[in-house]
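Shown below: start02.txt, with compact mmCIF, C-alpha atoms.
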```
# COMPACT_ATOMS: atom_id res chain seq x y z
CA MET A 21 -22.55 5.05 -5.86
CA ALA A 22 -21.61 4.28 -2.28
CA ALA A 23 -19.11 1.70 -3.54
CA THR A 24 -17.41 4.33 -5.69
CA PHE A 25 -17.19 6.68 -2.73
CA VAL A 26 -15.66 3.95 -0.57
CA VAL A 27 -13.02 3.05 -3.19
CA THR A 28 -11.60 6.56 -3.50
CA LEU A 29 -11.93 7.23 0.23
CA ARG A 30 -9.93 4.10 0.98
CA GLU A 31 -7.31 4.79 -1.66
CA GLY A 32 -6.90 8.40 -0.55
CA PHE A 33 -6.94 7.78 3.19
CA GLU A 34 -3.32 6.77 3.69
CA ALA A 35 -2.02 9.67 1.60
CA ALA A 36 -4.20 12.15 3.49
CA LEU A 37 -3.13 10.72 6.82
CA LEU A 38 0.57 11.02 5.96
CA LEU A 39 0.16 14.55 4.61
CA GLY A 40 -1.71 15.57 7.76
CA ILE A 41 1.05 14.15 9.93
CA VAL A 42 3.99 15.68 8.05
CA TYR A 43 2.38 19.13 7.89
CA ALA A 44 1.70 18.86 11.61
CA CYS A 45 5.32 17.83 12.18
CA LEU A 46 6.54 21.01 10.51
CA ASP A 47 4.10 23.06 12.57
CA ARG A 48 5.25 21.47 15.80
CA PHE A 49 8.91 21.88 14.82
CA GLY A 50 8.20 25.58 14.38
CA ALA A 51 9.12 25.28 10.70
CA ARG A 52 5.96 26.29 8.90
CA GLN A 53 8.05 28.01 6.26
CA HIS A 54 8.94 24.54 5.02
CA TYR A 55 5.33 23.60 4.26
CA ARG A 56 6.17 24.09 0.61
CA LEU A 57 8.52 21.07 0.70
CA VAL A 58 5.58 18.86 1.65
CA THR A 59 3.30 20.58 -0.84
CA LEU A 60 5.93 20.07 -3.52
CA GLY A 61 6.38 16.41 -2.56
CA GLY A 62 2.63 15.82 -2.66
CA ALA A 63 2.27 17.64 -5.99
CA LEU A 64 5.14 15.65 -7.52
CA GLY A 65 3.49 12.50 -6.17
CA LEU A 66 0.33 13.47 -8.02
CA VAL A 67 2.26 14.16 -11.24
CA ALA A 68 4.06 10.81 -10.90
CA SER A 69 0.69 9.10 -10.33
CA ILE A 70 -0.76 10.60 -13.50
CA LEU A 71 2.35 9.63 -15.49
CA MET A 72 2.17 6.12 -14.04
CA ALA A 73 -1.53 5.87 -14.91
CA ILE A 74 -0.75 6.91 -18.49
CA ALA A 75 2.16 4.46 -18.64
CA VAL A 76 -0.02 1.59 -17.41
CA THR A 77 -2.61 2.21 -20.11
CA ARG A 78 0.10 2.40 -22.80
CA LEU A 79 2.20 -0.56 -21.73
CA SER A 80 1.62 -4.14 -22.73
CA GLY A 81 3.33 -7.51 -22.43
CA PRO A 82 5.80 -8.27 -19.63
CA LEU A 83 6.17 -4.57 -18.76
CA LEU A 84 2.48 -4.39 -17.94
CA ASP A 85 2.51 -7.82 -16.26
CA LEU A 86 5.29 -6.99 -13.81
CA GLY A 87 6.28 -3.31 -14.09
CA PRO A 88 3.59 -1.72 -11.91
CA ASP A 89 4.06 -4.38 -9.21
CA LEU A 90 7.79 -3.77 -9.01
CA VAL A 91 7.27 0.00 -8.82
CA SER A 92 4.65 -0.35 -6.11
CA ALA A 93 6.82 -2.74 -4.07
CA ALA A 94 9.75 -0.31 -4.38
CA VAL A 95 7.54 2.61 -3.26
CA ILE A 96 6.31 0.65 -0.25
CA PHE A 97 9.79 -0.22 1.00
CA ALA A 98 11.07 3.29 0.26
CA ALA A 99 8.20 4.68 2.35
CA VAL A 100 9.03 2.29 5.20
CA GLY A 101 12.65 3.47 5.10
CA LEU A 102 11.69 7.15 5.09
CA LEU A 103 9.16 6.78 7.90
CA THR A 104 11.65 4.85 10.01
CA TRP A 105 14.36 7.41 9.37
CA HIS A 106 12.04 10.29 10.23
CA SER A 107 10.82 8.64 13.43
CA TRP A 108 14.38 7.95 14.47
CA TRP A 109 15.36 11.53 13.72
CA MET A 110 12.41 12.89 15.69
CA SER A 111 13.20 10.73 18.69
CA ARG A 112 16.82 11.88 18.64
CA HIS A 113 15.85 15.53 18.48
CA ALA A 114 12.86 15.29 20.77
CA GLN A 115 14.94 16.23 23.76
CA ALA A 116 16.30 19.37 22.16
CA MET A 117 12.95 20.36 20.71
CA ARG A 118 11.19 20.17 24.03
CA GLY A 119 13.07 23.25 25.12
CA ALA A 120 12.16 26.84 24.38
CA VAL A 121 10.42 27.58 21.11
CA GLN A 122 13.35 29.58 19.85
CA ARG A 123 15.78 26.80 20.54
CA ARG A 124 13.43 24.42 18.83
CA VAL A 125 13.48 26.55 15.71
CA GLU A 126 17.25 26.78 15.70
CA GLU A 127 17.67 23.11 16.26
CA ALA A 128 15.26 22.35 13.49
CA GLU A 129 16.84 24.83 11.12
CA ALA A 130 20.29 23.53 11.84
CA THR A 131 19.43 20.02 10.88
CA ARG A 132 17.81 20.92 7.56
CA ARG A 133 16.34 17.51 7.16
CA PHE A 134 12.89 18.56 6.10
CA TRP A 135 13.25 17.24 2.59
CA VAL A 136 12.58 13.83 4.12
CA LEU A 137 9.07 15.07 4.94
CA GLY A 138 8.67 16.08 1.31
CA LEU A 139 9.72 12.58 0.24
CA ILE A 140 7.25 11.03 2.68
CA ALA A 141 4.53 13.20 1.13
CA PHE A 142 5.64 12.02 -2.32
CA THR A 143 5.57 8.31 -1.51
CA GLY A 144 2.29 8.72 0.40
CA VAL A 145 0.54 10.24 -2.60
CA PHE A 146 2.23 8.09 -5.22
CA ARG A 147 1.63 4.76 -3.49
CA GLU A 148 -2.02 4.44 -4.44
CA GLY A 149 -2.12 7.53 -6.62
CA ALA A 150 -2.00 5.82 -10.02
CA GLU A 151 -4.85 3.50 -9.03
CA THR A 152 -6.98 6.42 -7.91
CA VAL A 153 -6.21 8.38 -11.07
CA LEU A 154 -7.15 5.40 -13.26
CA PHE A 155 -10.30 4.83 -11.29
CA LEU A 156 -11.41 8.45 -11.60
CA TRP A 157 -10.46 8.34 -15.26
CA GLY A 158 -12.76 5.35 -15.74
CA LEU A 159 -15.55 7.24 -13.95
CA LEU A 160 -14.97 10.19 -16.22
CA SER A 161 -15.45 8.04 -19.33
CA GLN A 162 -18.61 6.60 -17.75
CA THR A 163 -19.82 10.14 -17.28
CA ALA A 164 -19.53 10.71 -21.00
CA GLU A 165 -21.27 7.39 -21.81
CA ARG A 166 -24.17 7.67 -19.42
CA ALA A 167 -24.42 11.43 -19.35
CA SER A 168 -24.47 11.31 -15.55
CA PHE A 169 -22.07 13.01 -13.21
CA ARG A 170 -23.09 10.95 -10.21
CA PRO A 171 -20.37 8.26 -10.35
CA LEU A 172 -17.62 10.82 -10.87
CA GLY A 173 -19.14 13.00 -8.17
CA ALA A 174 -19.08 10.11 -5.70
CA GLY A 175 -15.46 9.36 -6.58
CA VAL A 176 -14.38 12.96 -6.12
CA LEU A 177 -16.34 13.13 -2.86
CA GLY A 178 -14.36 10.11 -1.61
CA VAL A 179 -11.07 11.87 -2.29
CA ALA A 180 -12.39 15.05 -0.67
CA THR A 181 -13.50 13.12 2.41
CA ALA A 182 -10.05 11.55 2.69
CA ALA A 183 -8.54 15.04 2.43
CA ALA A 184 -10.90 16.26 5.18
CA LEU A 185 -9.74 13.41 7.43
CA GLY A 186 -6.13 14.38 6.72
CA TRP A 187 -7.00 17.96 7.66
CA MET A 188 -8.52 16.75 10.94
CA VAL A 189 -5.33 14.79 11.71
CA PHE A 190 -3.35 17.97 11.03
CA ARG A 191 -5.60 20.11 13.25
CA GLY A 192 -5.54 17.51 16.00
CA GLY A 193 -1.77 17.19 15.76
CA THR A 194 -1.08 20.89 15.96
CA ARG A 195 -3.20 21.18 19.11
CA LEU A 196 -1.10 18.69 21.03
CA SER A 197 1.76 19.85 23.17
CA VAL A 198 5.13 19.33 21.53
CA ARG A 199 6.05 16.57 23.96
CA ARG A 200 2.84 14.65 23.41
CA PHE A 201 2.99 15.25 19.67
CA PHE A 202 6.39 13.60 19.46
CA THR A 203 5.27 10.51 21.32
CA VAL A 204 1.95 10.16 19.50
CA THR A 205 3.48 10.78 16.07
CA THR A 206 6.40 8.44 16.55
CA VAL A 207 4.10 5.64 17.69
CA ALA A 208 1.61 6.34 14.87
CA LEU A 209 4.31 6.46 12.20
CA LEU A 210 5.99 3.29 13.44
CA LEU A 211 2.69 1.38 13.44
CA LEU A 212 1.93 2.72 9.97
CA ALA A 213 5.41 1.76 8.77
CA ALA A 214 5.10 -1.70 10.34
CA GLY A 215 1.82 -2.13 8.45
CA LEU A 216 3.42 -0.97 5.23
CA PHE A 217 6.37 -3.29 5.77
CA SER A 218 4.11 -6.31 6.19
CA THR A 219 2.03 -5.13 3.20
CA GLY A 220 5.25 -5.08 1.18
CA LEU A 221 6.15 -8.60 2.35
CA GLY A 222 2.64 -9.79 1.48
CA LYS A 223 3.00 -8.23 -1.93
CA LEU A 224 6.28 -10.05 -2.47
CA GLN A 225 4.49 -13.26 -1.48
CA GLY A 226 1.72 -12.49 -3.94
CA LEU A 227 4.35 -11.93 -6.63
CA GLY A 228 6.02 -15.22 -5.82
CA VAL A 229 9.28 -13.53 -4.77
CA LEU A 230 8.80 -14.80 -1.24
CA PRO A 231 7.32 -18.26 -0.70
CA PRO A 232 3.64 -18.35 0.20
CA THR A 233 2.84 -19.08 3.83
CA GLU A 234 -0.42 -19.92 5.51
CA ALA A 235 -2.69 -17.45 7.23
CA LEU A 236 -1.96 -17.58 10.94
CA TRP A 237 -5.44 -16.60 12.00
CA ASP A 238 -8.70 -15.32 10.57
CA THR A 239 -10.48 -12.35 12.11
CA SER A 240 -12.62 -11.55 9.07
CA PHE A 241 -15.74 -12.36 11.12
CA LEU A 242 -14.77 -9.50 13.46
CA LEU A 243 -13.48 -6.98 10.94
CA SER A 244 -13.30 -7.67 7.24
CA ASP A 245 -10.53 -5.89 5.39
CA HIS A 246 -12.87 -5.37 2.44
CA GLY A 247 -14.98 -2.74 4.22
CA LEU A 248 -14.42 0.89 5.06
CA VAL A 249 -13.46 0.44 8.72
CA GLY A 250 -11.17 -2.45 7.82
CA GLY A 251 -9.61 -0.25 5.14
CA PHE A 252 -8.91 2.47 7.71
CA ALA A 253 -7.43 -0.09 10.08
CA THR A 254 -5.21 -1.34 7.28
CA GLY A 255 -4.00 2.18 6.51
CA LEU A 256 -3.43 3.08 10.16
CA VAL A 257 -1.81 -0.02 11.63
CA GLY A 258 -1.60 -2.52 8.76
CA TYR A 259 -4.61 -4.59 9.82
CA ARG A 260 -5.10 -7.86 7.95
CA ALA A 261 -8.01 -10.20 8.55
CA ARG A 262 -5.94 -13.22 7.51
CA PRO A 263 -2.27 -12.34 7.97
CA THR A 264 0.32 -14.77 6.68
CA PHE A 265 3.16 -16.07 8.80
CA VAL A 266 5.68 -13.93 6.93
CA GLU A 267 3.55 -10.79 7.41
CA VAL A 268 3.12 -11.35 11.15
CA VAL A 269 6.79 -12.10 11.75
CA GLY A 270 7.83 -9.15 9.57
CA TYR A 271 5.43 -6.80 11.38
CA ALA A 272 6.66 -7.85 14.82
CA ALA A 273 10.33 -7.82 13.83
CA TYR A 274 9.98 -4.36 12.31
CA LEU A 275 8.30 -2.99 15.44
CA VAL A 276 10.96 -4.44 17.74
CA VAL A 277 13.85 -3.08 15.68
CA ALA A 278 12.21 0.32 15.12
CA CYS A 279 11.25 0.72 18.79
CA VAL A 280 14.78 -0.09 19.91
CA LEU A 281 16.04 2.42 17.35
CA CYS A 282 13.63 5.18 18.38
CA PHE A 283 13.09 4.60 22.08
CA GLY A 284 16.07 2.50 23.13
CA GLY A 285 18.62 5.29 23.12
CA ARG A 286 16.46 7.80 24.92
CA ARG A 287 17.69 6.93 28.38
CA VAL A 288 21.26 7.41 27.26
CA SER A 289 20.57 10.79 25.70
CA SER A 290 18.60 12.14 28.66
CA ALA A 291 21.41 11.06 30.98
CA GLY A 292 23.96 12.81 28.83
CA MET B 20 26.85 -27.15 10.07
CA ARG B 21 25.82 -23.66 9.04
CA ALA B 22 27.49 -24.05 5.63
CA TRP B 23 25.61 -27.30 5.12
CA VAL B 24 22.28 -25.70 5.94
CA LEU B 25 23.05 -22.81 3.63
CA ALA B 26 24.08 -25.12 0.80
CA SER B 27 20.92 -27.20 1.05
CA ALA B 28 18.81 -24.04 1.25
CA LEU B 29 20.44 -22.74 -1.93
CA LEU B 30 19.94 -26.11 -3.57
CA ALA B 31 16.25 -26.07 -2.63
CA VAL B 32 15.79 -22.55 -4.00
CA GLY B 33 17.66 -23.49 -7.17
CA ALA B 34 15.61 -26.65 -7.66
CA THR B 35 12.40 -24.66 -7.18
CA ALA B 36 13.55 -22.09 -9.71
CA VAL B 37 14.50 -24.74 -12.26
CA GLY B 38 11.25 -26.60 -11.62
CA THR B 39 9.30 -23.40 -12.20
CA LEU B 40 11.15 -22.66 -15.40
CA ALA B 41 11.03 -26.21 -16.72
CA ALA B 42 7.29 -26.80 -16.59
CA ASP B 43 5.21 -24.21 -18.37
CA PRO B 44 2.48 -23.38 -15.91
CA PRO B 45 -1.04 -23.92 -17.26
CA GLU B 46 -2.83 -20.79 -18.45
CA ILE B 47 -6.37 -19.95 -17.54
CA PRO B 48 -8.06 -17.30 -19.67
CA VAL B 49 -10.47 -14.92 -17.94
CA ALA B 50 -12.41 -12.09 -19.52
CA ILE B 51 -13.80 -8.98 -17.92
CA GLU B 52 -16.94 -7.95 -19.72
CA LYS B 53 -19.72 -5.64 -18.59
CA ASN B 54 -17.98 -5.37 -15.23
CA ARG B 55 -18.15 -9.11 -14.60
CA PHE B 56 -15.62 -11.91 -14.72
CA ASP B 57 -16.15 -14.66 -17.24
CA PRO B 58 -15.73 -17.33 -16.00
CA ASP B 59 -16.30 -16.25 -12.43
CA GLU B 60 -15.06 -19.54 -11.02
CA MET B 61 -11.77 -21.17 -11.95
CA ARG B 62 -10.83 -24.65 -10.81
CA VAL B 63 -7.12 -25.28 -10.48
CA LYS B 64 -4.97 -28.07 -9.12
CA ALA B 65 -3.67 -27.39 -5.65
CA GLY B 66 0.08 -27.06 -5.32
CA ILE B 67 0.72 -26.18 -8.96
CA PRO B 68 1.48 -22.65 -10.11
CA PHE B 69 -0.63 -21.28 -12.96
CA VAL B 70 -1.11 -18.15 -14.98
CA LEU B 71 -4.31 -16.14 -15.12
CA VAL B 72 -4.57 -14.46 -18.50
CA ILE B 73 -7.02 -11.67 -17.82
CA THR B 74 -8.43 -9.66 -20.71
CA ASN B 75 -10.40 -6.52 -20.01
CA LYS B 76 -12.99 -6.13 -22.78
CA ASP B 77 -14.65 -3.14 -21.14
CA GLY B 78 -14.13 0.52 -21.90
CA GLY B 79 -12.72 1.37 -18.46
CA PRO B 80 -9.95 0.01 -16.25
CA GLU B 81 -10.50 -2.71 -13.67
CA GLU B 82 -8.46 -3.82 -10.70
CA PHE B 83 -8.19 -7.54 -10.08
CA GLU B 84 -7.93 -7.85 -6.34
CA SER B 85 -7.64 -10.79 -4.02
CA LYS B 86 -7.03 -9.87 -0.40
CA GLU B 87 -6.41 -13.52 0.39
CA LEU B 88 -3.73 -13.88 -2.28
CA ARG B 89 -2.25 -10.39 -1.75
CA ILE B 90 -2.79 -9.50 -5.37
CA GLU B 91 -3.81 -6.11 -6.70
CA LYS B 92 -3.47 -5.73 -10.40
CA ILE B 93 -4.78 -3.01 -12.68
CA ILE B 94 -6.04 -4.22 -16.03
CA PRO B 95 -6.43 -1.21 -18.32
CA ALA B 96 -9.30 -1.07 -20.80
CA GLY B 97 -8.76 -3.39 -23.76
CA LYS B 98 -5.58 -4.92 -22.33
CA THR B 99 -4.50 -8.40 -21.39
CA VAL B 100 -2.45 -9.06 -18.28
CA ARG B 101 -0.69 -12.32 -17.50
CA LEU B 102 -0.82 -12.88 -13.77
CA ARG B 103 1.53 -15.54 -12.46
CA MET B 104 -0.10 -17.27 -9.53
CA PRO B 105 1.79 -19.15 -6.83
CA PRO B 106 0.90 -22.76 -6.03
CA LEU B 107 -2.22 -22.67 -3.88
CA LYS B 108 -3.22 -24.91 -1.04
CA ALA B 109 -6.58 -26.60 -1.51
CA GLY B 110 -9.28 -24.09 -0.75
CA THR B 111 -11.43 -21.30 -2.11
CA TYR B 112 -9.93 -17.91 -2.87
CA PRO B 113 -12.39 -15.11 -3.62
CA PHE B 114 -11.43 -12.16 -5.79
CA VAL B 115 -13.16 -8.99 -6.94
CA GLY B 116 -12.79 -6.31 -9.54
CA GLU B 117 -12.26 -3.54 -7.04
CA TYR B 118 -13.57 -0.83 -9.33
CA HIS B 119 -16.90 -2.64 -9.75
CA ALA B 120 -16.93 -4.79 -6.65
CA THR B 121 -20.72 -5.14 -6.59
CA THR B 122 -20.79 -7.07 -9.89
CA ALA B 123 -17.23 -8.18 -10.58
CA LYS B 124 -16.82 -11.10 -8.19
CA GLY B 125 -15.34 -14.52 -8.59
CA ARG B 126 -13.34 -17.23 -6.95
CA ILE B 127 -10.50 -19.61 -7.57
CA VAL B 128 -11.06 -23.10 -6.27
CA ALA B 129 -7.88 -25.10 -5.72
CA GLU B 130 -8.45 -28.81 -5.25
```
Turn the structure described in the file into structure tokens.
Amino acid sequence: MAATFVVTLREGFEAALLLGIVYACLDRFGARQHYRLVTLGGALGLVASILMAIAVTRLSGPLLDLGPDLVSAAVIFAAVGLLTWHSWWMSRHAQAMRGAVQRRVEEAEATRRFWVLGLIAFTGVFREGAETVLFLWGLLSQTAERASFRPLGAGVLGVATAAALGWMVFRGGTRLSVRRFFTVTTVALLLLAAGLFSTGLGKLQGLGVLPPTEALWDTSFLLSDHGLVGGFATGLVGYRARPTFVEVVGYAAYLVVACVLCFGGRRVSSAG
Amino acid sequence: MRAWVLASALLAVGATAVGTLAADPPEIPVAIEKNRFDPDEMRVKAGIPFVLVITNKDGGPEEFESKELRIEKIIPAGKTVRLRMPPLKAGTYPFVGEYHATTAKGRIVAE
């Protein structure tokens, strides 16, 4: 029962976290009227997850062997791109948005870039969505077999708990000052994207697209990535107990490039 | 100098690709039944790629997951998935069926 709860909580955590952050972004930009873009993105992500889950159960042969992996790798790198783009955009507009509320609204309206937040919501939900749908589906069939709602209940509770955590992130985010929100969110999103990027590289290694490399270190005695806390750490900052050389280098390289992109130009813009 | 490095890199990649295509990697059948893997231990030769042919005989989906090998693969009920595995260094690689991780456990031993 507890295991079921942990599975859905872990699978739902990253999606909830991203939704919490993007809703909070809109709130802090003074653009609550665009919430529906994020809601739409999340809802489409759910629809795509259900379609993917159906496709996986229908497919067979090479399509089943490779298809889902290619889709999930594509979603990961798309999410990295979107998160990087959004962080960069926020850092560029941070200066302007720190001004009066009214100016912030105008600036935000003028840019009309909020669809990116909708796309982030979509990739966030879709990334592990199909797995979660299939898992719940399996629990549902168990419910029929064993005439017990407990497994399904535990699974749904896991998703609900993830949603509650996302809500807390949202509430926490909207209570920060705009200035602090920008800094915290940019750092959080870049760490999350760095983790996703290295996850994507690891996946490519697992698929044999990139050559396998050895684990650089092993911290599984400190924090196993099988457990709940390890799962949260993976979702938040891309924690791996035994990261490969490629993952570590990719993680570091991503952070350097993204930080230069987001924080490097700030001095220039504040001078100008 | 750079061109030479590039050429030899391409050659190495090409040779690896041809090598992979030329030799059919050995297949290892695995069944999932009653939320367990059968067999739950596979012995493979280190350094040689292989294919896990996983058949899910249960009524619900399972996810073959190895954190060590960076593999997450859904195996729908009643389906067979061919999982191409990279050459492994000698060692033990645990895996689980994530959806029933308390019972579905196993390991690949490369030697």
## Note on the structure
From the list B:Lys92, B:Thr122, B:Phe114, B:Ala129, the nearest residue to chain A using only C-alpha atoms is B:Lys92
### Distance query Glu46 in chain B at most 10 Å, all atoms listed in the file, self and fewer than 5 positions along chain excluded, as a ChimeraX atom specification
/B:68-72,101-104
### Message
Select, as JSON, numbers by chain, those residues of chain B with any atom no more than 8 Å from chain A (distances computed using all atoms listed in the file).
### Response
{"B": [78, 79, 80, 81, 86, 87, 88, 89, 90, 92, 93, 95, 96, 98, 99, 100, 101, 102, 103, 104, 105, 117, 118, 119, 120, 121]}
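Among the candidate residues B:Glu91, B:Glu130, B:Pro45, B:Glu84, the one lying nearest to Val115 in chain B is B:Glu84, with distances computed using only C-alpha atoms.
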### Message
Using all atoms listed in the file, can you tell me which of B:Leu107, B:Ile47, B:Val128, B:Ile94 comes closest to Asp77 in chain B?
### Response
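With all atoms listed in the file as the atom set, the closest residue is B:Ile94.
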### Query
Given the choices B:Pro58, B:Gly125, B:Gly97, B:Gly66, which gets closest to Tyr112 in chain B if the distance is worked out from all atoms listed in the file?
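Among B:Pro58, B:Gly125, B:Gly97, B:Gly66, it is B:Gly125 that comes nearest to Tyr112 in chain B.
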### Message
Report, in Å with one decimal, the straight-line distance from CA of Ile70 in chain A to CA of Arg147 in chain A.
### Response
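These two atoms are separated by 11.8 Å.
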### Task
Using all atoms listed in the file, pick whichever of A:Cys282, A:Ala184, A:Leu216, A:Leu137 has the shortest atom-to-atom distance to Gly61 in chain A.
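Residue with the minimum atom-to-atom distance to Gly61 in chain A: A:Leu137.
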Take every atom of range 166-183 of chain A listed in the file, fit an axis-aligned box around them, add 6 Å per side, and give the centre and edge lengths in Å to one decimal as JSON.
```
{"center_x": -16.5, "center_y": 11.4, "center_z": -8.4, "size_x": 27.9, "size_y": 19.4, "size_z": 34.1}
```
### Query
By how many Å are CA of Ser69 in chain A and CA of Gly251 in chain A apart?
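Result for CA of Ser69 in chain A versus CA of Gly251 in chain A: 20.8 Å, one decimal.
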